[in-house]
Amino acid sequence: YYNSSNGGTNSGCFYHRGPFYGVAAYTYVTIYRCSQRSGEGQVCNTVASGGVDDGNFSYQAGPVGVTGTANYCVGAIGWITWEHPNPDVGKMNMGVFTPLTRGC
């Protein structure tokens with residue numbers, strides 16, 4: 001999400017969807033302002049962080065926000081740690097792990 005206040009503010013959430021919706025699980029989200037002003041799909045060179053929201057949530061982690069993003073790329077990372085119903089499989093992180101530039 002983008003708002004033009006504070007020199008541009010981007011915020012992000014990581015939502016539970018499908019079989020994860022309403023199910024408590026460790027959920028994580030963070031957002032960054034990158035040094036790049038263009039280059040969608042490239043790795044974000046982080047210059048500012050919007051913090052982290054994480055915990056045992058049933059619907060979402062976030063929102064988290066970072067300011068000063070007007071004309072800059074942003075990157076975000078989020079995941080849900082899902083425990084497979086088969087105990088032999090264990091836990092898996094499902095989500096986005098690499099802060100790629102977005103919204104350039």
# chains A, B, ... in the order shown; residues from 1 in each chain; ligands from 1

$ residues_around --residues "Gly65 (chain A)" --least-positions-apart "6" --cutoff "8 Å" --atoms "only C-alpha atoms" --output "NGL selection string"
:A and (9-12 or 31 or 50-51)

$ select_by_dssp --residues "chain A" --states "strand (DSSP E or B)" --output "ChimeraX atom specification"
/A:2-3,9-15,25-34,43,46-57,60-67,74-83,91-96,100,102

$ atom_distance --atom1 "CA of Ser5 (chain A)" --atom2 "CA of Val64 (chain A)"
15.1 Å

$ residues_around --residues "Asn6 (chain A)" --least-positions-apart "4" --cutoff "12 Å" --atoms "only C-alpha atoms" --output "PyMOL selection string"
chain A and resi 2+10+65-70

$ write_last_selection --atoms "all heavy atoms" --output "PDB file, in the first residue's frame"
ATOM      1  N   TYR A   2       0.453   2.296  -0.675  1.00  0.00           N
ATOM      2  CA  TYR A   2       1.240   3.530  -0.763  1.00  0.00           C
ATOM      3  C   TYR A   2       0.379   4.717  -0.370  1.00  0.00           C
ATOM      4  O   TYR A   2      -0.793   4.808  -0.728  1.00  0.00           O
ATOM      5  CB  TYR A   2       1.773   3.739  -2.188  1.00  0.00           C
ATOM      6  CG  TYR A   2       2.581   5.007  -2.320  1.00  0.00           C
ATOM      7  CD1 TYR A   2       3.891   5.058  -1.850  1.00  0.00           C
ATOM      8  CD2 TYR A   2       2.028   6.149  -2.881  1.00  0.00           C
ATOM      9  CE1 TYR A   2       4.640   6.233  -1.952  1.00  0.00           C
ATOM     10  CE2 TYR A   2       2.765   7.318  -2.997  1.00  0.00           C
ATOM     11  CZ  TYR A   2       4.060   7.353  -2.526  1.00  0.00           C
ATOM     12  OH  TYR A   2       4.804   8.501  -2.610  1.00  0.00           O
ATOM     13  N   ASN A  10       5.175   3.542   2.299  1.00  0.00           N
ATOM     14  CA  ASN A  10       4.715   2.232   1.851  1.00  0.00           C
ATOM     15  C   ASN A  10       4.486   1.374   3.086  1.00  0.00           C
ATOM     16  O   ASN A  10       5.248   1.435   4.047  1.00  0.00           O
ATOM     17  CB  ASN A  10       5.742   1.550   0.951  1.00  0.00           C
ATOM     18  CG  ASN A  10       5.660   2.056  -0.463  1.00  0.00           C
ATOM     19  OD1 ASN A  10       6.238   3.094  -0.775  1.00  0.00           O
ATOM     20  ND2 ASN A  10       4.957   1.334  -1.308  1.00  0.00           N
ATOM     21  N   GLY A  65       5.345  -0.231   8.094  1.00  0.00           N
ATOM     22  CA  GLY A  65       5.479   0.840   7.115  1.00  0.00           C
ATOM     23  C   GLY A  65       6.850   1.471   7.147  1.00  0.00           C
ATOM     24  O   GLY A  65       7.534   1.452   8.168  1.00  0.00           O
ATOM     25  N   VAL A  66       7.256   2.006   5.995  1.00  0.00           N
ATOM     26  CA  VAL A  66       8.523   2.718   5.865  1.00  0.00           C
ATOM     27  C   VAL A  66       8.247   4.022   5.126  1.00  0.00           C
ATOM     28  O   VAL A  66       7.462   4.053   4.177  1.00  0.00           O
ATOM     29  CB  VAL A  66       9.598   1.857   5.163  1.00  0.00           C
ATOM     30  CG1 VAL A  66       9.224   1.507   3.732  1.00  0.00           C
ATOM     31  CG2 VAL A  66      10.964   2.509   5.240  1.00  0.00           C
ATOM     32  N   THR A  67       8.865   5.116   5.601  1.00  0.00           N
ATOM     33  CA  THR A  67       8.622   6.434   5.022  1.00  0.00           C
ATOM     34  C   THR A  67       9.762   6.838   4.091  1.00  0.00           C
ATOM     35  O   THR A  67      10.795   6.177   4.017  1.00  0.00           O
ATOM     36  CB  THR A  67       8.463   7.488   6.128  1.00  0.00           C
ATOM     37  OG1 THR A  67       9.654   7.512   6.906  1.00  0.00           O
ATOM     38  CG2 THR A  67       7.265   7.186   7.012  1.00  0.00           C
ATOM     39  N   GLY A  68       9.553   7.962   3.390  1.00  0.00           N
ATOM     40  CA  GLY A  68      10.563   8.481   2.473  1.00  0.00           C
ATOM     41  C   GLY A  68      10.715   7.651   1.220  1.00  0.00           C
ATOM     42  O   GLY A  68      11.778   7.599   0.610  1.00  0.00           O
ATOM     43  N   THR A  69       9.637   7.013   0.791  1.00  0.00           N
ATOM     44  CA  THR A  69       9.718   6.086  -0.336  1.00  0.00           C
ATOM     45  C   THR A  69       9.351   6.692  -1.685  1.00  0.00           C
ATOM     46  O   THR A  69       9.437   5.998  -2.702  1.00  0.00           O
ATOM     47  CB  THR A  69       8.810   4.861  -0.093  1.00  0.00           C
ATOM     48  OG1 THR A  69       7.469   5.306   0.081  1.00  0.00           O
ATOM     49  CG2 THR A  69       9.264   4.079   1.130  1.00  0.00           C
ATOM     50  N   ALA A  70       8.973   7.974  -1.719  1.00  0.00           N
ATOM     51  CA  ALA A  70       8.623   8.585  -3.001  1.00  0.00           C
ATOM     52  C   ALA A  70       9.799   8.478  -3.958  1.00  0.00           C
ATOM     53  O   ALA A  70      10.929   8.850  -3.627  1.00  0.00           O
ATOM     54  CB  ALA A  70       8.239  10.050  -2.798  1.00  0.00           C
TER      55      ALA A  70
END

$ closest_residue --among "A:Phe20, A:Tyr59, A:Tyr1, A:Tyr28" --to "Gly78 (chain A)" --atoms "only C-alpha atoms"
A:Tyr28

$ residues_around --residues "Arg33 (chain A)" --least-positions-apart "6" --cutoff "7 Å" --atoms "only C-alpha atoms" --output "list in words"
Thr46, Val47, Ala48, Ser49, Val66, Thr69, Tyr72, Cys73, Val74 and Gly75 of chain A

$ write_last_selection --atoms "N, CA and C atoms" --output "PDB file, in the first residue's frame"
ATOM      1  N   THR A  46      19.097  -2.160   0.845  1.00  0.00           N
ATOM      2  CA  THR A  46      18.312  -1.560   1.915  1.00  0.00           C
ATOM      3  C   THR A  46      18.986  -0.329   2.500  1.00  0.00           C
ATOM      4  N   VAL A  47      18.218   0.783   2.605  1.00  0.00           N
ATOM      5  CA  VAL A  47      18.706   1.992   3.265  1.00  0.00           C
ATOM      6  C   VAL A  47      17.840   2.360   4.460  1.00  0.00           C
ATOM      7  N   ALA A  48      16.632   1.830   4.571  1.00  0.00           N
ATOM      8  CA  ALA A  48      15.761   2.088   5.720  1.00  0.00           C
ATOM      9  C   ALA A  48      14.802   0.923   5.879  1.00  0.00           C
ATOM     10  N   SER A  49      14.516   0.575   7.125  1.00  0.00           N
ATOM     11  CA  SER A  49      13.595  -0.517   7.420  1.00  0.00           C
ATOM     12  C   SER A  49      12.349   0.026   8.099  1.00  0.00           C
ATOM     13  N   VAL A  66       7.256   2.006   5.995  1.00  0.00           N
ATOM     14  CA  VAL A  66       8.523   2.718   5.865  1.00  0.00           C
ATOM     15  C   VAL A  66       8.247   4.022   5.126  1.00  0.00           C
ATOM     16  N   THR A  69       9.637   7.013   0.791  1.00  0.00           N
ATOM     17  CA  THR A  69       9.718   6.086  -0.336  1.00  0.00           C
ATOM     18  C   THR A  69       9.351   6.692  -1.685  1.00  0.00           C
ATOM     19  N   TYR A  72      11.422   5.891  -4.831  1.00  0.00           N
ATOM     20  CA  TYR A  72      12.359   4.821  -4.487  1.00  0.00           C
ATOM     21  C   TYR A  72      11.651   3.477  -4.599  1.00  0.00           C
ATOM     22  N   CYS A  73      12.429   2.453  -4.831  1.00  0.00           N
ATOM     23  CA  CYS A  73      11.898   1.098  -4.807  1.00  0.00           C
ATOM     24  C   CYS A  73      11.718   0.666  -3.356  1.00  0.00           C
ATOM     25  N   VAL A  74      10.854  -0.306  -3.146  1.00  0.00           N
ATOM     26  CA  VAL A  74      10.674  -0.901  -1.834  1.00  0.00           C
ATOM     27  C   VAL A  74      10.798  -2.415  -1.959  1.00  0.00           C
ATOM     28  N   GLY A  75      11.178  -3.050  -0.876  1.00  0.00           N
ATOM     29  CA  GLY A  75      11.255  -4.505  -0.819  1.00  0.00           C
ATOM     30  C   GLY A  75      10.511  -4.982   0.409  1.00  0.00           C
TER      31      GLY A  75
END

$ closest_residue --among "A:Phe57, A:Phe14, A:Tyr32, A:Tyr26" --to "Glu83 (chain A)" --atoms "only C-alpha atoms"
A:Tyr26

$ residues_around --residues "Asp53 (chain A)" --least-positions-apart "2" --cutoff "9 Å" --atoms "only C-alpha atoms" --output "PyMOL selection string"
chain A and resi 13+27-30+51+55+61-64

$ write_last_selection --atoms "N, CA, C and O atoms" --output "mmCIF file, in the first residue's frame"
data_model
loop_
_atom_site.group_PDB
_atom_site.id
_atom_site.type_symbol
_atom_site.label_atom_id
_atom_site.label_comp_id
_atom_site.auth_asym_id
_atom_site.auth_seq_id
_atom_site.Cartn_x
_atom_site.Cartn_y
_atom_site.Cartn_z
ATOM 1 N N CYS A 13 1.420 -5.954 4.584
ATOM 2 C CA CYS A 13 0.878 -6.987 5.462
ATOM 3 C C CYS A 13 1.142 -8.329 4.797
ATOM 4 O O CYS A 13 1.321 -8.397 3.581
ATOM 5 N N THR A 27 3.749 -15.950 11.876
ATOM 6 C CA THR A 27 3.650 -15.154 10.658
ATOM 7 C C THR A 27 4.584 -13.955 10.788
ATOM 8 O O THR A 27 4.691 -13.370 11.859
ATOM 9 N N TYR A 28 5.257 -13.600 9.701
ATOM 10 C CA TYR A 28 6.311 -12.580 9.719
ATOM 11 C C TYR A 28 6.156 -11.658 8.513
ATOM 12 O O TYR A 28 5.875 -12.126 7.411
ATOM 13 N N VAL A 29 6.380 -10.356 8.724
ATOM 14 C CA VAL A 29 6.435 -9.410 7.613
ATOM 15 C C VAL A 29 7.376 -8.265 7.975
ATOM 16 O O VAL A 29 7.458 -7.859 9.136
ATOM 17 N N THR A 30 8.118 -7.780 6.980
ATOM 18 C CA THR A 30 8.952 -6.588 7.111
ATOM 19 C C THR A 30 8.968 -5.869 5.767
ATOM 20 O O THR A 30 8.672 -6.475 4.728
ATOM 21 N N GLY A 51 10.637 -1.829 10.094
ATOM 22 C CA GLY A 51 10.414 -2.678 11.249
ATOM 23 C C GLY A 51 9.827 -4.016 10.854
ATOM 24 O O GLY A 51 9.679 -4.335 9.677
ATOM 25 N N GLY A 55 4.685 -12.947 14.950
ATOM 26 C CA GLY A 55 4.065 -13.586 16.101
ATOM 27 C C GLY A 55 3.127 -14.681 15.650
ATOM 28 O O GLY A 55 3.074 -15.043 14.478
ATOM 29 N N ALA A 61 0.066 -10.705 9.559
ATOM 30 C CA ALA A 61 1.125 -9.948 10.223
ATOM 31 C C ALA A 61 1.150 -8.586 9.553
ATOM 32 O O ALA A 61 0.989 -8.478 8.345
ATOM 33 N N GLY A 62 1.340 -7.533 10.323
ATOM 34 C CA GLY A 62 1.368 -6.179 9.807
ATOM 35 C C GLY A 62 0.094 -5.456 10.158
ATOM 36 O O GLY A 62 -0.777 -6.011 10.820
ATOM 37 N N PRO A 63 0.000 -4.215 9.768
ATOM 38 C CA PRO A 63 0.877 -3.566 8.797
ATOM 39 C C PRO A 63 2.186 -3.080 9.411
ATOM 40 O O PRO A 63 2.267 -2.780 10.593
ATOM 41 N N VAL A 64 3.210 -3.043 8.564
ATOM 42 C CA VAL A 64 4.480 -2.385 8.845
ATOM 43 C C VAL A 64 4.654 -1.331 7.766
ATOM 44 O O VAL A 64 4.154 -1.483 6.662
#

$ closest_residue --among "A:Asn71, A:His84, A:Ala24, A:Trp79" --to "Gly39 (chain A)" --atoms "only C-alpha atoms"
A:Asn71

$ select_by_dssp --residues "chain A" --states "helix (DSSP H, G or I)" --output "list of chain:residue names"
A:Ser5, A:Asn6, A:Gly7, A:Gly18, A:Pro19, A:Phe20

$ closest_residue --among "A:Tyr15, A:Gly8, A:Ala25, A:Gln36" --to "Thr81 (chain A)" --atoms "only C-alpha atoms"
A:Ala25
